[in-house]
Structure formats: structure tokens, C-alpha cells
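One structure below.
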Protein chains: 2
Amino acid sequence: MEFKEAKNKFVQTWGALGSQWGINKTMAQIHALLMVSNEAVSMEDIMEELQISRGNASMNLRALMDWGIVYKEYKAGERKEFFTAEKDLDELAVKISRERSKREIKPALKILKEVSTIEAKDSAEEQHFVDQTSKLYDFVLKADNMLDKMTEFNDNWLGKLVMKIMK
Amino acid sequence: MEFKEAKNKFVQTWGALGSQWGINKTMAQIHALLMVSNEAVSMEDIMEELQISRGNASMNLRALMDWGIVYKEYKAGERKEFFTAEKDLDELAVKISRERSKREIKPALKILKEVSTIEAKDSAEEQHFVDQTSKLYDFVLKADNMLDKMTEFNDNWLGKLVMKIMK
DNA sequence: TTAAACTTTCAAAAATAATTGAAAGTTTGT
DNA sequence: ACAAACTTTCAATTATTTTTGAAAGTTTAA
């Protein structure tokens, strides 16, 4: 396999994977492209490489910047803007989980808390509802916190975790 | 808030959350409904509660069973089938991560390995590509394994982890 | 074997999400 | 202040995904 083919395969695969996880395909593709580019890429070049419109490129770059995983860069003497991706994978993971937590998990937790705190009356049906949603609330909260802790430990998470437990 | 309202809110929220994570809304809603039902529910009742067609119910129930998180149940004397969800949340998490790993992560890893092992020639561009995709391969592999380990430890993962480290 | 009571399948329709492209907006240099 | 060189916005279009519903399939009981 030659470079161009490999690069294309990677970008396509990343795009497909993104779709399956609820991330728009183009957004994932742009991100993939920037991840494997050793220097910042202009909007023109992104449009050209991925065969997408200016509007599409603009909107998805904005979204990626909102997620905090793509940055604008300015080159001296050049009028146009260039873009780079966060290339440190630990940092990338931290940012993605922070954002997903903020945007999706936290709001879901709020609802879970609400619905799990209705008065259950006496019926087994309502008892079970309260019980199950309470458990779900605890579980999601725990998972969310765990993810947060894990990203905090980053690279050497296991070692640091042990240290923290020891002391 | 009364029971019916709470139940509906929960089902809707779970459906919306599912969409954002690449799971079809109805599938997530059916799952939510079964999760908080204290007894097995018939297809009729699912259709009625969620206001969906028979075909839709059938296909999404099949998908949920393929994921291993919903089971068929037969009631004595009744001709029709009833459905229940896996209600143990740890078990649910294990099954979901196993399936997503098998369906999405493993195939992605295969491609990552492929593209990261091209010969990099001399150009900085190609060097960077190989370097970055290799790192990504390692990272995804590590994350996938970690998730597997974590689910293995289940409930009291922290405690058991410490035990394992100690001995 | 027949028919009633179910479930599954899948082509067509509907709903949703992504994309385009041109007009409007912004920034920079002269 | 002007205009060139860009970027952003958003209504309309296109693509993708989901849903429907009726026909086909299956199972059970008599």
C-alpha cells in the first residue's frame, strides 16, 4: 500500500467510525486528515482533499474547534487561516470525554435524578421504576466520574492511581 | 411529577441519548421501556406505549436481542412472546462494550494496523503519518483492553484492582 | 390439514441529518 | 474609504436513516 492510499483509507475509516458513534462523517474525516498532517492545512486544501463544499468545511471546522480538538493557526504573510488537530492522544481523549460529559451525560443525569425521585406509591410497578432509575442514576454518575478520574491520570494512570490509594 | 409522566420522560430522554451515541432512537426507547418494566412486555404493548408500527418493534427488538441485552420470554398458556431487558447494569455495560468492541473497534484496529505499517520512505509527511497512526493504534488497543479489564472487575473494580496489584 | 394467532420481512414512504452554494459578513492592506 | 481576500451563514437541496404496513412466513392447536 502506498502513502496516498493509506491516508485515504485512514480518513474514510475514521469517518465511518465517527458516524457509528454519532459524529458526523465529514467532521470525523476532517479531524482524521488534520491528525495525520504534519503541518497546518488550509480550508481550500481540506475542501480539495475531501471533495466537500466550503460551507461544509467551515461548519465542521467550527464544530471541531468548539470541541477543542482543532485549532486555528495563522501563517506569517498569509491571509488565509490554517487548521491543526490536537495530536496528543491523551489530551484528545480528555477533551472528548469532557465535552460528551458536559453535553450529554450531565443533562441525562439531571433527568434521571428528576424521574427517580417521584413518590413511588405502593404499586410494584412504580417501586420498580424508582428503584431501577435510581440505580441507573448512580451507575451513570459513577461511570462519568470514573472517566473523569481516568483522564486526570492520563498517561501513567495506573501508577498514579496506586500512589493515590497508598497514601 | 406523577408516574406516567416520569416514565415517559425517562423513555424519551434515553431515546435522545441513544441517538447521540449512534443508536437508533426507537431501539433505545424500547430498551428504556423494558428496563423500567417490572415484568415482561408484549410486542403489542410496546407498540402501543411507544406508538410505533409492528415492523419497527419487531426489527428493533431483534437488534436488541442481537446485542444480548433483551431477552424473549414465554408465558404459560399465552401464545405471544414477551420481552425483558437485562436489568443488571454492570452486566449491561459489559455486553454493550463487548459488542461495540467486536463490531466497531476491532475492525478499526485492523485498518489502523494496515495503514500504520506502510513503508514511510523519507518525506517528513509520510514519517508523520506512520508515527501518528501507530500511536493511534497503540492507544485504541490500550483503551479497548482497559475497558475489557474494567468490565471484568465489574462491581467492586477498584477494590479488586488494588488486590491484584498488591499480591 | 386447516386456520387462527402470531412474527418477520422488505419495498416504499416519511423523517431526519448532512451538504451545497451563493449572498452576506469580516478582515486587511493600500 | 475601498476593494480584494477571505470566512460564515442559512435556505434549499440531496443523501441517509428510520419507519411503515401489508404480504409472506411461522407456529400451535384442534
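How things are named: the first chain in the C-alpha cells is A, the next is B, and so on; residues count from 1 in each chain; ligands count from 1 in the order shown.
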Give me the chain B side of the contact with chain A, cut-off 6 Å, one line per residue showing its nearest atom pair and distance in Å at one decimal, counting only C-alpha atoms, sorted by chain and residue number, as CSV.
residue,atom,partner,partner_atom,distance
B:Ala6,CA,A:Val115,CA,5.0
B:Gln20,CA,A:Gly22,CA,5.1
B:Trp21,CA,A:Gly22,CA,4.7
B:Gly22,CA,A:Gly22,CA,4.3
B:Val36,CA,A:Phe129,CA,5.0
B:Asn38,CA,A:Glu125,CA,5.8
B:Val115,CA,A:Ala6,CA,5.0
B:Glu125,CA,A:Asn38,CA,5.8
B:His128,CA,A:Asn38,CA,5.9
B:Phe129,CA,A:Val36,CA,5.0
* May I have the residues of chain A within 10 Å of chain D, counting only C-alpha atoms (C1' of nucleotides), written as an NGL selection string? => :A and (43 or 54-55 or 58-59 or 62 or 79-81)
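For the set C:DT1, C:DT7, C:DT16, C:DT27, the residue with the smallest atom-to-atom gap to chain A is C:DT27, counting only C-alpha atoms (C1' of nucleotides).
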* Find the residues in chain C near chain B: any atom within 8 Å counts, using only C-alpha atoms (C1' of nucleotides). Write them as a PyMOL selection string. => chain C and resi 5-8
* Asked: Could you state the separation of CA of Ser101 (chain A) and CA of Met65 (chain A) in Å, given to one decimal place?
  ->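 Rounded to one decimal, the two atoms are 16.9 Å apart.
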* To do: Just give me the gap between CA of Val41 (chain B) and CA of Arg98 (chain B) in Å, one decimal is fine.
  => 26.0 Å
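The space between CA of Ala143 (chain A) and CA of Asn145 (chain B) spans 16.9 Å.
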* Test item, strand (DSSP E) assignment across region 16-130 of chain B, answer as an MDAnalysis selection string -> chainID B and resid 41:42 70:74 81:85
* Nearby residues (only C-alpha atoms (C1' of nucleotides)) at most 6 Å from Thr84 (chain B), same-chain spacing under 5 positions excluded, as a PyMOL selection string -> chain B and resi 34+40+70-71
* Asked: Please, which residues of chain A, numbered as in this document, come out helix (DSSP H, G or I) from DSSP, as a PyMOL selection string?
  -> chain A and resi 3-20+25-35+43-50+54-66+89-116+124-153+157-166
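With only C-alpha atoms as the atoms that count, the residue of A:Ala85, A:Leu141, A:Leu64, A:Met27 with the shortest distance to Lys110 (chain A) is A:Leu141.
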* **Selection: 8 Å around Ile46 (chain B), only C-alpha atoms (C1' of nucleotides), excl. self and same-chain fewer than 6 positions, as an MDAnalysis selection string** => chainID B and resid 30 33 52 57
